[in-house]
$ cat entry-v1.txt   # compact mmCIF, C-alpha atoms
# COMPACT_ATOMS: atom_id res chain seq x y z
CA MET A 47 4.72 16.11 -10.23
CA THR A 48 1.05 16.87 -9.62
CA ALA A 49 0.53 17.24 -5.88
CA PRO A 50 -1.10 14.14 -4.39
CA ILE A 51 -4.67 14.59 -3.17
CA VAL A 52 -4.52 14.19 0.61
CA LEU A 53 -7.87 13.45 2.22
CA PRO A 54 -8.73 15.61 5.27
CA ILE A 55 -9.17 12.79 7.75
CA LYS A 56 -7.10 12.34 10.91
CA SER A 57 -7.97 8.93 12.36
CA VAL A 58 -6.59 6.97 9.39
CA ARG A 59 -2.92 7.11 8.40
CA ASN A 60 -1.76 8.14 4.94
CA PRO A 61 -5.19 8.88 3.38
CA ARG A 62 -5.05 9.83 -0.30
CA ASP A 63 -7.12 9.96 -3.46
CA VAL A 64 -5.13 8.42 -6.32
CA GLY A 65 -6.85 10.72 -8.83
CA GLY A 66 -5.38 13.74 -10.58
CA TYR A 67 -2.31 12.19 -12.18
CA VAL A 68 -1.99 12.25 -15.97
CA GLY A 69 -2.32 8.83 -17.57
CA SER A 70 -2.73 7.39 -21.07
CA ASP A 71 -3.36 9.83 -23.93
CA GLY A 72 -2.94 12.79 -21.58
CA ARG A 73 -6.13 11.91 -19.69
CA LYS A 74 -6.22 12.51 -15.94
CA ILE A 75 -7.24 9.86 -13.44
CA ARG A 76 -10.71 10.62 -12.11
CA THR A 77 -11.07 11.64 -8.48
CA HIS A 78 -13.52 10.11 -5.98
CA CYS A 79 -12.80 6.67 -7.46
CA LEU A 80 -9.57 5.14 -6.10
CA LEU A 81 -8.54 5.79 -2.50
CA ARG A 82 -5.55 4.50 -0.53
CA THR A 83 -5.00 4.57 3.24
CA GLY A 84 -3.54 2.82 6.24
CA ASN A 85 -5.37 0.90 8.97
CA MET A 86 -9.11 1.66 9.10
CA SER A 87 -9.89 -0.02 12.43
CA GLU A 88 -9.92 3.17 14.52
CA ILE A 89 -11.70 5.49 12.11
CA THR A 90 -13.84 8.12 13.87
CA PRO A 91 -17.52 8.69 13.05
CA ALA A 92 -16.65 12.06 11.50
CA ASP A 93 -14.00 10.57 9.19
CA GLU A 94 -16.31 7.67 8.39
CA GLN A 95 -19.00 10.13 7.30
CA PHE A 96 -16.49 12.06 5.19
CA LEU A 97 -15.58 8.91 3.26
CA LEU A 98 -19.21 7.94 2.79
CA ASP A 99 -19.99 11.44 1.50
CA TYR A 100 -16.90 11.18 -0.73
CA GLY A 101 -18.46 8.19 -2.44
CA LEU A 102 -16.92 5.21 -0.64
CA HIS A 103 -18.56 1.99 -1.81
CA THR A 104 -15.92 -0.76 -1.39
CA ILE A 105 -13.02 -1.47 0.98
CA ILE A 106 -10.21 -3.90 0.10
CA ASP A 107 -8.09 -4.98 3.08
CA LEU A 108 -4.55 -6.02 2.10
CA ARG A 109 -3.48 -7.04 5.60
CA SER A 110 -2.74 -10.54 6.83
CA PRO A 111 -5.47 -12.60 8.55
CA ALA A 112 -3.73 -12.06 11.92
CA GLU A 113 -3.79 -8.28 11.48
CA CYS A 114 -7.43 -8.32 10.42
CA LYS A 115 -8.42 -10.47 13.39
CA LYS A 116 -6.57 -8.26 15.88
CA SER A 117 -7.73 -4.92 14.43
CA PRO A 118 -10.72 -5.52 12.14
CA ASP A 119 -12.01 -2.82 9.86
CA LYS A 120 -15.15 -1.10 11.10
CA GLU A 121 -18.24 -2.10 9.19
CA LEU A 122 -19.57 0.90 7.31
CA ASP A 123 -23.14 1.24 6.11
CA ASN A 124 -23.67 0.10 2.52
CA VAL A 125 -19.93 -0.50 1.99
CA GLU A 126 -18.75 -3.85 0.63
CA HIS A 127 -15.63 -5.34 2.17
CA TYR A 128 -13.07 -7.75 0.69
CA ALA A 129 -9.99 -9.38 2.23
CA CYS A 130 -7.11 -9.66 -0.26
CA PRO A 131 -3.99 -10.33 1.83
CA LEU A 132 -0.62 -10.00 0.11
CA SER A 133 0.92 -12.22 2.78
CA ALA A 134 -0.45 -14.88 5.11
CA GLU A 135 2.04 -13.86 7.78
CA ASP A 136 2.25 -10.68 9.83
CA ASN A 137 5.82 -9.78 10.70
CA THR A 138 5.15 -6.34 12.16
CA GLY A 139 5.32 -7.53 15.76
CA GLY A 140 2.15 -5.64 16.51
CA GLN A 141 -0.23 -8.57 16.79
CA GLY A 142 1.16 -10.44 19.79
CA GLN A 143 3.92 -12.45 18.12
CA ASN A 144 7.17 -13.17 19.90
CA MET A 145 9.59 -10.80 18.18
CA SER A 146 12.46 -11.19 20.65
CA LYS A 147 14.81 -12.70 18.04
CA GLU A 148 14.10 -9.98 15.50
CA PHE A 149 14.37 -7.22 18.10
CA ALA A 150 17.74 -8.56 19.27
CA GLU A 151 18.95 -8.34 15.66
CA TYR A 152 17.61 -4.79 15.36
CA ARG A 153 19.62 -3.76 18.44
CA LYS A 154 22.79 -5.25 16.95
CA ASP A 155 22.56 -4.49 13.20
CA GLN A 156 21.56 -1.02 12.03
CA TYR A 157 20.66 -2.40 8.58
CA ALA A 158 18.56 -5.41 9.67
CA GLY A 159 15.28 -3.59 9.03
CA PHE A 160 16.39 -2.43 5.59
CA LYS A 161 17.34 -5.97 4.54
CA LEU A 162 14.04 -7.30 5.89
CA MET A 163 12.03 -4.76 3.87
CA CYS A 164 13.87 -5.64 0.66
CA ARG A 165 13.13 -9.33 1.26
CA ARG A 166 9.45 -8.56 1.81
CA TYR A 167 9.11 -6.65 -1.44
CA HIS A 168 10.93 -9.44 -3.27
CA HIS A 169 8.54 -11.97 -1.71
CA HIS A 170 5.38 -10.01 -2.54
CA ILE A 171 6.38 -9.94 -6.22
CA LEU A 172 7.25 -13.64 -6.51
CA ASN A 173 4.72 -15.24 -4.17
CA LYS A 174 1.87 -16.95 -6.04
CA SER A 175 -0.68 -16.18 -3.33
CA ALA A 176 0.24 -12.49 -3.48
CA GLN A 177 -0.06 -12.59 -7.27
CA GLN A 178 -3.56 -14.03 -6.92
CA SER A 179 -4.46 -11.23 -4.51
CA PHE A 180 -3.11 -8.64 -6.95
CA HIS A 181 -5.33 -10.17 -9.62
CA HIS A 182 -8.41 -10.12 -7.38
CA ILE A 183 -7.80 -6.49 -6.40
CA ILE A 184 -7.45 -5.34 -10.00
CA GLU A 185 -10.48 -7.44 -10.98
CA LEU A 186 -12.59 -5.73 -8.30
CA ILE A 187 -11.42 -2.35 -9.57
CA ALA A 188 -12.25 -3.29 -13.15
CA GLU A 189 -15.71 -4.53 -12.21
CA ASN A 190 -16.62 -1.55 -10.04
CA ASP A 191 -19.36 0.63 -11.48
CA ASP A 192 -20.52 2.51 -8.41
CA GLY A 193 -18.61 4.85 -6.11
CA ALA A 194 -15.10 4.81 -4.75
CA ILE A 195 -12.90 1.83 -3.91
CA LEU A 196 -10.55 2.19 -0.93
CA TYR A 197 -7.67 -0.25 -0.47
CA HIS A 198 -5.41 -0.28 2.57
CA CYS A 199 -2.86 -2.13 4.66
CA SER A 200 -1.45 -1.13 8.05
CA GLU A 201 0.46 2.08 7.32
CA GLY A 202 -0.68 2.50 3.71
CA LYS A 203 2.86 2.48 2.33
CA ASP A 204 4.25 -0.95 1.34
CA ARG A 205 1.46 -3.34 0.35
CA THR A 206 -0.75 -0.39 -0.53
CA GLY A 207 2.22 1.12 -2.36
CA LEU A 208 2.72 -1.97 -4.51
CA VAL A 209 -0.96 -2.10 -5.46
CA THR A 210 -0.82 1.59 -6.37
CA ILE A 211 2.24 1.03 -8.58
CA ILE A 212 0.33 -1.58 -10.58
CA ILE A 213 -2.84 0.54 -10.83
CA LEU A 214 -1.00 3.69 -11.92
CA TYR A 215 1.07 1.74 -14.44
CA ILE A 216 -2.05 0.23 -16.01
CA LEU A 217 -3.55 3.73 -16.17
CA GLY A 218 -0.49 4.95 -18.07
CA VAL A 219 1.12 7.22 -15.48
CA ASP A 220 4.80 8.00 -16.04
CA MET A 221 7.05 5.75 -13.95
CA GLU A 222 8.86 8.67 -12.32
CA ILE A 223 5.52 10.08 -11.15
CA ILE A 224 4.59 6.63 -9.84
CA ARG A 225 7.88 6.56 -7.90
CA GLN A 226 7.30 10.01 -6.43
CA ASP A 227 3.76 9.10 -5.40
CA TYR A 228 5.14 5.99 -3.69
CA LEU A 229 7.78 8.00 -1.84
CA TYR A 230 5.21 10.56 -0.68
CA SER A 231 4.24 8.14 2.08
CA ASN A 232 7.40 9.24 3.92
CA TYR A 233 6.02 12.77 4.22
CA MET A 234 2.59 11.47 5.23
CA LEU A 235 4.07 9.32 8.02
CA ASN A 236 6.55 11.82 9.50
CA ASP A 237 4.52 12.42 12.67
CA TYR A 238 3.78 8.71 13.06
CA ARG A 239 7.49 7.86 12.98
CA ALA A 240 8.36 10.68 15.36
CA VAL A 241 5.85 9.50 17.97
CA ARG A 242 7.10 5.91 17.68
CA ASP A 243 10.72 7.03 17.97
CA GLN A 244 9.98 9.00 21.13
CA HIS A 245 8.29 5.93 22.59
CA PHE A 246 11.32 3.75 21.85
CA LYS A 247 13.69 6.38 23.24
CA GLN A 248 11.76 6.55 26.50
CA ALA A 249 11.80 2.74 26.63
CA GLY A 250 15.61 2.86 26.55
CA GLU A 251 16.14 1.34 23.13
CA ASN A 252 19.56 1.87 21.55
CA ASP A 253 20.36 3.85 18.40
CA ASN A 254 20.47 0.77 16.16
CA PHE A 255 17.01 -0.34 17.24
CA ARG A 256 15.54 3.14 16.75
CA ALA A 257 17.17 3.41 13.32
CA ASN A 258 15.59 0.11 12.30
CA MET A 259 12.17 1.23 13.53
CA ARG A 260 12.44 4.38 11.42
CA VAL A 261 13.35 2.23 8.41
CA LEU A 262 10.39 -0.09 9.02
CA GLY A 263 8.09 2.94 9.18
CA SER A 264 9.34 4.39 5.88
CA VAL A 265 9.44 3.70 2.16
CA ALA A 266 12.59 3.94 0.04
CA ASN A 267 13.77 4.04 -3.54
CA SER A 268 15.55 0.76 -2.79
CA TYR A 269 12.26 -1.03 -2.04
CA PHE A 270 10.66 0.36 -5.19
CA ASP A 271 13.71 -0.70 -7.20
CA THR A 272 13.77 -4.14 -5.56
CA SER A 273 10.23 -4.69 -6.90
CA LEU A 274 11.03 -3.54 -10.42
CA ILE A 275 14.36 -5.40 -10.61
CA THR A 276 12.71 -8.59 -9.33
CA ILE A 277 10.02 -8.22 -12.01
CA ASN A 278 12.53 -7.45 -14.77
CA GLU A 279 14.87 -10.32 -13.88
CA ASN A 280 12.17 -12.96 -13.41
CA PHE A 281 9.40 -11.93 -15.80
CA GLY A 282 10.91 -9.67 -18.43
CA GLY A 283 9.25 -6.44 -17.36
CA LEU A 284 6.14 -5.01 -15.78
CA ASP A 285 3.94 -5.48 -18.86
CA SER A 286 4.72 -9.19 -18.95
CA TYR A 287 4.29 -9.51 -15.17
CA ILE A 288 0.84 -7.90 -15.22
CA THR A 289 -0.36 -9.87 -18.24
CA ASN A 290 1.15 -13.29 -17.62
CA GLU A 291 1.69 -13.61 -13.85
CA LEU A 292 -1.21 -11.50 -12.57
CA GLU A 293 -3.39 -12.65 -15.49
CA ILE A 294 -4.72 -9.17 -16.15
CA ASP A 295 -5.32 -9.23 -19.89
CA ASP A 296 -5.42 -6.32 -22.33
CA GLN A 297 -9.21 -6.23 -22.22
CA MET A 298 -9.29 -5.78 -18.43
CA GLN A 299 -6.57 -3.14 -18.58
CA GLU A 300 -8.45 -1.21 -21.25
CA LEU A 301 -11.65 -1.44 -19.21
CA ILE A 302 -9.84 0.08 -16.23
CA ARG A 303 -8.52 2.93 -18.37
CA GLU A 304 -11.99 3.63 -19.73
CA LYS A 305 -13.53 3.67 -16.26
CA TYR A 306 -10.92 5.62 -14.35
CA LEU A 307 -9.48 8.10 -16.86
CA GLU A 308 -11.32 11.28 -17.70
CA LYS A 309 -12.91 11.34 -21.16
$ encode --input "entry-v1.txt" --output "structure tokens"
Amino acid sequence: MTAPIVLPIKSVRNPRDVGGYVGSDGRKIRTHCLLRTGNMSEITPADEQFLLDYGLHTIIDLRSPAECKKSPDKELDNVEHYACPLSAEDNTGGQGQNMSKEFAEYRKDQYAGFKLMCRRYHHHILNKSAQQSFHHIIELIAENDDGAILYHCSEGKDRTGLVTIIILYILGVDMEIIRQDYLYSNYMLNDYRAVRDQHFKQAGENDNFRANMRVLGSVANSYFDTSLITINENFGGLDSYITNELEIDDQMQELIREKYLEK
């Protein structure tokens, strides 16, 4: 696998350039075009300037309305911003919701977080609103003619991961490379999980709860496979899903390949 391009910014989690992977006809994905990150609300001026110098022109926020309201993206000079939520609900517990029922389950069942994540991936694939957001995101990418597009969610791993799977597949990247790129978020979020775990330990949380929090802060082959199996069982494969459910036709896909693959 070609090493992912990690952007040298510290105030945004999981910052990467999607470029560098080999796509259709042996052509590499162009760099400085497609960027993926986590939450942008606390970006520092130095990191903001780096992204602007890197060519940032558009930001697509995949988070729920509640997340965006609680921690809005900073407005950057001459950067367009679009909200394309993959879910209307925020179930992270970080935006003031009462999570007492869920937390009680996490303290009792070591696998509660894992089952929740599988359900979320299943929902994102089947939900019509999410499908419309996928379409809008890909449409924005296809229409872009100037600078880099950055898309992000909270941790840059699940919703951002699903969008990246679709983009890389359209660009012709081998599915095993797509899987490895998806799983790379675990490495990128190691320190984040460790800090959270120490916080929960000091708060007196039990082993089951801490195990669930590590699961919720990670990606897994099982989540990736849940997405693909859901697509295969309900829509007959990823090609059919992209064309028929996301309504991304061959012309749009070819336009994306022409714009984002090296000549």
$ closest_residue --input "entry-v1.txt" --among "A:Arg260, A:His182, A:His170, A:Arg242" --to "A:Thr272" --atoms "only C-alpha atoms"
A:His170
$ closest_atom_pairs --input "entry-v1.txt" --of "stretch 134-188 of chain A" --to "stretch 280-286 of chain A" --cutoff "12 Å" --atoms "only C-alpha atoms" --output "JSON lines"
{"residue": "A:His168", "atom": "CA", "partner": "A:Asn280", "partner_atom": "CA", "distance": 10.8}
{"residue": "A:Ile171", "atom": "CA", "partner": "A:Asn280", "partner_atom": "CA", "distance": 9.7}
{"residue": "A:Leu172", "atom": "CA", "partner": "A:Asn280", "partner_atom": "CA", "distance": 8.5}
$ write_last_selection --input "entry-v1.txt" --atoms "C-alpha atoms" --output "JSON list (two decimals), keeping the file's coordinate frame"
[["chain", "number", "residue", "atom", "x", "y", "z"],
["A", 168, "HIS", "CA", 10.93, -9.44, -3.27],
["A", 171, "ILE", "CA", 6.38, -9.94, -6.22],
["A", 172, "LEU", "CA", 7.25, -13.64, -6.51]]
$ closest_residue --input "entry-v1.txt" --among "A:Glu126, A:Glu201, A:Glu148, A:Glu279" --to "A:Leu186" --atoms "only C-alpha atoms"
A:Glu126
$ residues_around --input "entry-v1.txt" --residues "A:Ile195" --least-positions-apart "2" --cutoff "7 Å" --atoms "all atoms listed in the file" --output "list in words"
Cys79, Leu80, Leu81, Leu102, His103, Thr104, Ile105, Gly193 and Tyr197 of chain A
$ atom_distance --input "entry-v1.txt" --atom1 "atom CA of A:Arg205" --atom2 "atom CA of A:Asn252"
28.4 Å
